[in-house]
Amino acid sequence: MRGYREMRILFIPCLFLLFVSFFAGPCVIYAKGENQSLEAIRQAVLDFVLQQITDRAGRSTAVKVGHLDTRLCLVKCEESLEVFSPKAYGTHGKTTVGVRCGGPKSWTLYVPVTITSNESVVVADRSMPRGTILTKSDFILIERDIARLPNGYLTDPSQAIGKILKRPVRKGAVLKNSVIEAPIAISRGSSVTLMVRTGTVEVRMKGKSLDNGALGERIKVQTLSSGKMVEGTIISSDVVLMDTP
């Protein structure tokens, strides 16, 4: 009876051991068949994640498959390993990937994965107060892991040059869209030229700005001839392209 009980303990499915404790003793070799190669699991996960990632130009991506405890005892899968994503994940950060073995001796394992994506971002090269008009010498490009960056970070220097800081920025901080704004091109109450284009015909008239606005922004303008209020887009420091019906 004692020998029979010891045999039952010896052949407890390793999957049960996996869920009960990761601190069990040395891996038990199955009497019939081999144990599943942990390296094969890692490679399957790596291949799966790499296929899901589409690298953006200028970004370098690395995938790190989490550690698999060498005490894991999984029966060797006689079929191809099925790798799946239990939830949607992005192209960077931490996620989990599932590995499933079908067949009569099925098992499922969840493997942690870290995706690191480095990209050149615009970083302040000095501490600057609010109202600073940014020039090329005020920032540098540095590679950073985008998983650790706030939303709206800048990657193109042209996005920062000529813009004004809306709040103070310390040296080494990543510049974001939320901390910069375009300088005012037309101020409220200033005289402007309203321009209307219809095909090859161009008509100009005088007006007064009713808003502050930067290049590319829409503002309201009052025509001087009739006092009518119209809207248009600022295309220069004193010209507004009026909307046409």
# chains A, B, ... in the order shown; residues from 1 in each chain; ligands from 1
call {"tool": "residues_around", "arguments": {"residues": "segment 36-53 of chain A", "least_positions_apart": "3", "cutoff": "7 Å", "atoms": "only C-alpha atoms", "output": "ChimeraX atom specification"}}
result
/A:65,74-77,83,91,97
call {"tool": "closest_residue", "arguments": {"among": "A:Gly102, A:Gly232, A:Pro112, A:Pro168", "to": "Ala124 of chain A", "atoms": "only C-alpha atoms"}}
result
A:Pro168
call {"tool": "select_by_dssp", "arguments": {"residues": "segment 32-240 of chain A", "states": "alpha helix (DSSP H)", "output": "list in words"}}
result
Leu38, Glu39, Ala40, Ile41, Arg42, Gln43, Ala44, Val45, Leu46, Asp47, Phe48, Val49, Leu50, Gln51 and Gln52 of chain A
call {"tool": "select_by_dssp", "arguments": {"residues": "segment 62-106 of chain A", "states": "strand (DSSP E)", "output": "PyMOL selection string"}}
result
chain A and resi 62-65+82-84+93-101
call {"tool": "write_last_selection", "arguments": {"atoms": "all heavy atoms", "output": "mmCIF file, in the first residue's frame"}}
result
data_model
loop_
_atom_site.group_PDB
_atom_site.id
_atom_site.type_symbol
_atom_site.label_atom_id
_atom_site.label_comp_id
_atom_site.auth_asym_id
_atom_site.auth_seq_id
_atom_site.Cartn_x
_atom_site.Cartn_y
_atom_site.Cartn_z
ATOM 1 N N ALA A 62 12.859 46.185 -28.583
ATOM 2 C CA ALA A 62 13.453 44.961 -28.036
ATOM 3 C C ALA A 62 12.390 44.239 -27.209
ATOM 4 O O ALA A 62 11.583 44.869 -26.527
ATOM 5 C CB ALA A 62 14.664 45.282 -27.181
ATOM 6 N N VAL A 63 12.404 42.922 -27.283
ATOM 7 C CA VAL A 63 11.434 42.099 -26.561
ATOM 8 C C VAL A 63 12.172 41.225 -25.560
ATOM 9 O O VAL A 63 13.125 40.526 -25.917
ATOM 10 C CB VAL A 63 10.622 41.210 -27.521
ATOM 11 C CG1 VAL A 63 9.644 40.327 -26.737
ATOM 12 C CG2 VAL A 63 9.869 42.065 -28.528
ATOM 13 N N LYS A 64 11.742 41.268 -24.307
ATOM 14 C CA LYS A 64 12.334 40.447 -23.265
ATOM 15 C C LYS A 64 11.272 39.508 -22.706
ATOM 16 O O LYS A 64 10.269 39.945 -22.141
ATOM 17 C CB LYS A 64 12.905 41.315 -22.138
ATOM 18 C CG LYS A 64 13.552 40.497 -21.018
ATOM 19 C CD LYS A 64 14.097 41.408 -19.925
ATOM 20 C CE LYS A 64 14.722 40.598 -18.793
ATOM 21 N NZ LYS A 64 15.221 41.477 -17.709
ATOM 22 N N VAL A 65 11.500 38.211 -22.886
ATOM 23 C CA VAL A 65 10.583 37.203 -22.350
ATOM 24 C C VAL A 65 10.927 36.956 -20.892
ATOM 25 O O VAL A 65 12.098 36.772 -20.546
ATOM 26 C CB VAL A 65 10.677 35.890 -23.150
ATOM 27 C CG1 VAL A 65 9.708 34.851 -22.586
ATOM 28 C CG2 VAL A 65 10.373 36.151 -24.619
ATOM 29 N N GLU A 82 0.536 26.502 -29.183
ATOM 30 C CA GLU A 82 -0.360 27.592 -29.577
ATOM 31 C C GLU A 82 -0.077 28.794 -28.681
ATOM 32 O O GLU A 82 -0.233 28.733 -27.465
ATOM 33 C CB GLU A 82 -1.821 27.172 -29.434
ATOM 34 C CG GLU A 82 -2.795 28.279 -29.782
ATOM 35 C CD GLU A 82 -4.231 27.925 -29.446
ATOM 36 O OE1 GLU A 82 -4.474 26.750 -29.085
ATOM 37 O OE2 GLU A 82 -5.092 28.828 -29.529
ATOM 38 N N VAL A 83 0.339 29.873 -29.290
ATOM 39 C CA VAL A 83 0.646 31.091 -28.542
ATOM 40 C C VAL A 83 -0.468 32.102 -28.805
ATOM 41 O O VAL A 83 -0.899 32.280 -29.947
ATOM 42 C CB VAL A 83 2.005 31.683 -28.951
ATOM 43 C CG1 VAL A 83 2.377 32.856 -28.063
ATOM 44 C CG2 VAL A 83 3.087 30.605 -28.876
ATOM 45 N N PHE A 84 -0.930 32.769 -27.764
ATOM 46 C CA PHE A 84 -2.050 33.703 -27.924
ATOM 47 C C PHE A 84 -1.899 34.852 -26.946
ATOM 48 O O PHE A 84 -1.151 34.776 -25.959
ATOM 49 C CB PHE A 84 -3.381 32.980 -27.688
ATOM 50 C CG PHE A 84 -3.531 32.408 -26.297
ATOM 51 C CD1 PHE A 84 -4.179 33.116 -25.293
ATOM 52 C CD2 PHE A 84 -3.007 31.151 -25.990
ATOM 53 C CE1 PHE A 84 -4.302 32.595 -24.019
ATOM 54 C CE2 PHE A 84 -3.132 30.619 -24.705
ATOM 55 C CZ PHE A 84 -3.788 31.344 -23.720
ATOM 56 N N GLY A 93 5.900 48.357 -23.337
ATOM 57 C CA GLY A 93 5.442 48.146 -21.965
ATOM 58 C C GLY A 93 5.386 46.671 -21.598
ATOM 59 O O GLY A 93 5.897 45.802 -22.307
ATOM 60 N N LYS A 94 4.725 46.393 -20.472
ATOM 61 C CA LYS A 94 4.626 45.024 -19.972
ATOM 62 C C LYS A 94 3.292 44.397 -20.375
ATOM 63 O O LYS A 94 2.267 45.067 -20.370
ATOM 64 C CB LYS A 94 4.768 45.015 -18.450
ATOM 65 C CG LYS A 94 6.154 45.446 -17.970
ATOM 66 C CD LYS A 94 6.276 45.336 -16.462
ATOM 67 C CE LYS A 94 7.681 45.719 -16.008
ATOM 68 N NZ LYS A 94 7.850 45.603 -14.544
ATOM 69 N N THR A 95 3.338 43.113 -20.711
ATOM 70 C CA THR A 95 2.135 42.397 -21.090
ATOM 71 C C THR A 95 2.298 40.930 -20.715
ATOM 72 O O THR A 95 3.304 40.528 -20.120
ATOM 73 C CB THR A 95 1.858 42.549 -22.596
ATOM 74 O OG1 THR A 95 0.588 41.954 -22.903
ATOM 75 C CG2 THR A 95 2.934 41.869 -23.428
ATOM 76 N N THR A 96 1.311 40.128 -21.041
ATOM 77 C CA THR A 96 1.349 38.692 -20.760
ATOM 78 C C THR A 96 0.920 37.941 -22.016
ATOM 79 O O THR A 96 -0.027 38.340 -22.687
ATOM 80 C CB THR A 96 0.394 38.331 -19.608
ATOM 81 O OG1 THR A 96 0.781 39.054 -18.431
ATOM 82 C CG2 THR A 96 0.464 36.838 -19.308
ATOM 83 N N VAL A 97 1.642 36.883 -22.316
ATOM 84 C CA VAL A 97 1.342 36.058 -23.483
ATOM 85 C C VAL A 97 1.065 34.633 -23.015
ATOM 86 O O VAL A 97 1.765 34.103 -22.152
ATOM 87 C CB VAL A 97 2.513 36.066 -24.488
ATOM 88 C CG1 VAL A 97 2.269 35.077 -25.616
ATOM 89 C CG2 VAL A 97 2.713 37.470 -25.048
ATOM 90 N N GLY A 98 0.026 34.031 -23.568
ATOM 91 C CA GLY A 98 -0.333 32.672 -23.191
ATOM 92 C C GLY A 98 0.255 31.649 -24.145
ATOM 93 O O GLY A 98 0.394 31.901 -25.338
ATOM 94 N N VAL A 99 0.618 30.494 -23.595
ATOM 95 C CA VAL A 99 1.099 29.370 -24.403
ATOM 96 C C VAL A 99 0.243 28.160 -24.038
ATOM 97 O O VAL A 99 0.125 27.812 -22.862
ATOM 98 C CB VAL A 99 2.590 29.065 -24.133
ATOM 99 C CG1 VAL A 99 3.055 27.912 -25.023
ATOM 100 C CG2 VAL A 99 3.442 30.298 -24.360
ATOM 101 N N ARG A 100 -0.332 27.548 -25.053
ATOM 102 C CA ARG A 100 -1.262 26.444 -24.807
ATOM 103 C C ARG A 100 -0.828 25.202 -25.582
ATOM 104 O O ARG A 100 -0.405 25.278 -26.731
ATOM 105 C CB ARG A 100 -2.673 26.856 -25.229
ATOM 106 C CG ARG A 100 -3.730 25.777 -25.008
ATOM 107 C CD ARG A 100 -5.080 26.226 -25.554
ATOM 108 N NE ARG A 100 -5.592 27.396 -24.858
ATOM 109 C CZ ARG A 100 -5.890 28.545 -25.439
ATOM 110 N NH1 ARG A 100 -5.681 28.687 -26.745
ATOM 111 N NH2 ARG A 100 -6.374 29.567 -24.743
ATOM 112 N N CYS A 101 -0.940 24.042 -24.907
ATOM 113 C CA CYS A 101 -0.696 22.750 -25.554
ATOM 114 C C CYS A 101 -2.023 22.004 -25.603
ATOM 115 O O CYS A 101 -2.683 21.831 -24.576
ATOM 116 C CB CYS A 101 0.333 21.939 -24.774
ATOM 117 S SG CYS A 101 0.566 20.247 -25.415
#
call {"tool": "closest_residue", "arguments": {"among": "A:Ile133, A:Met128, A:Val221, A:Leu68", "to": "Val113 of chain A", "atoms": "only C-alpha atoms"}}
result
A:Leu68
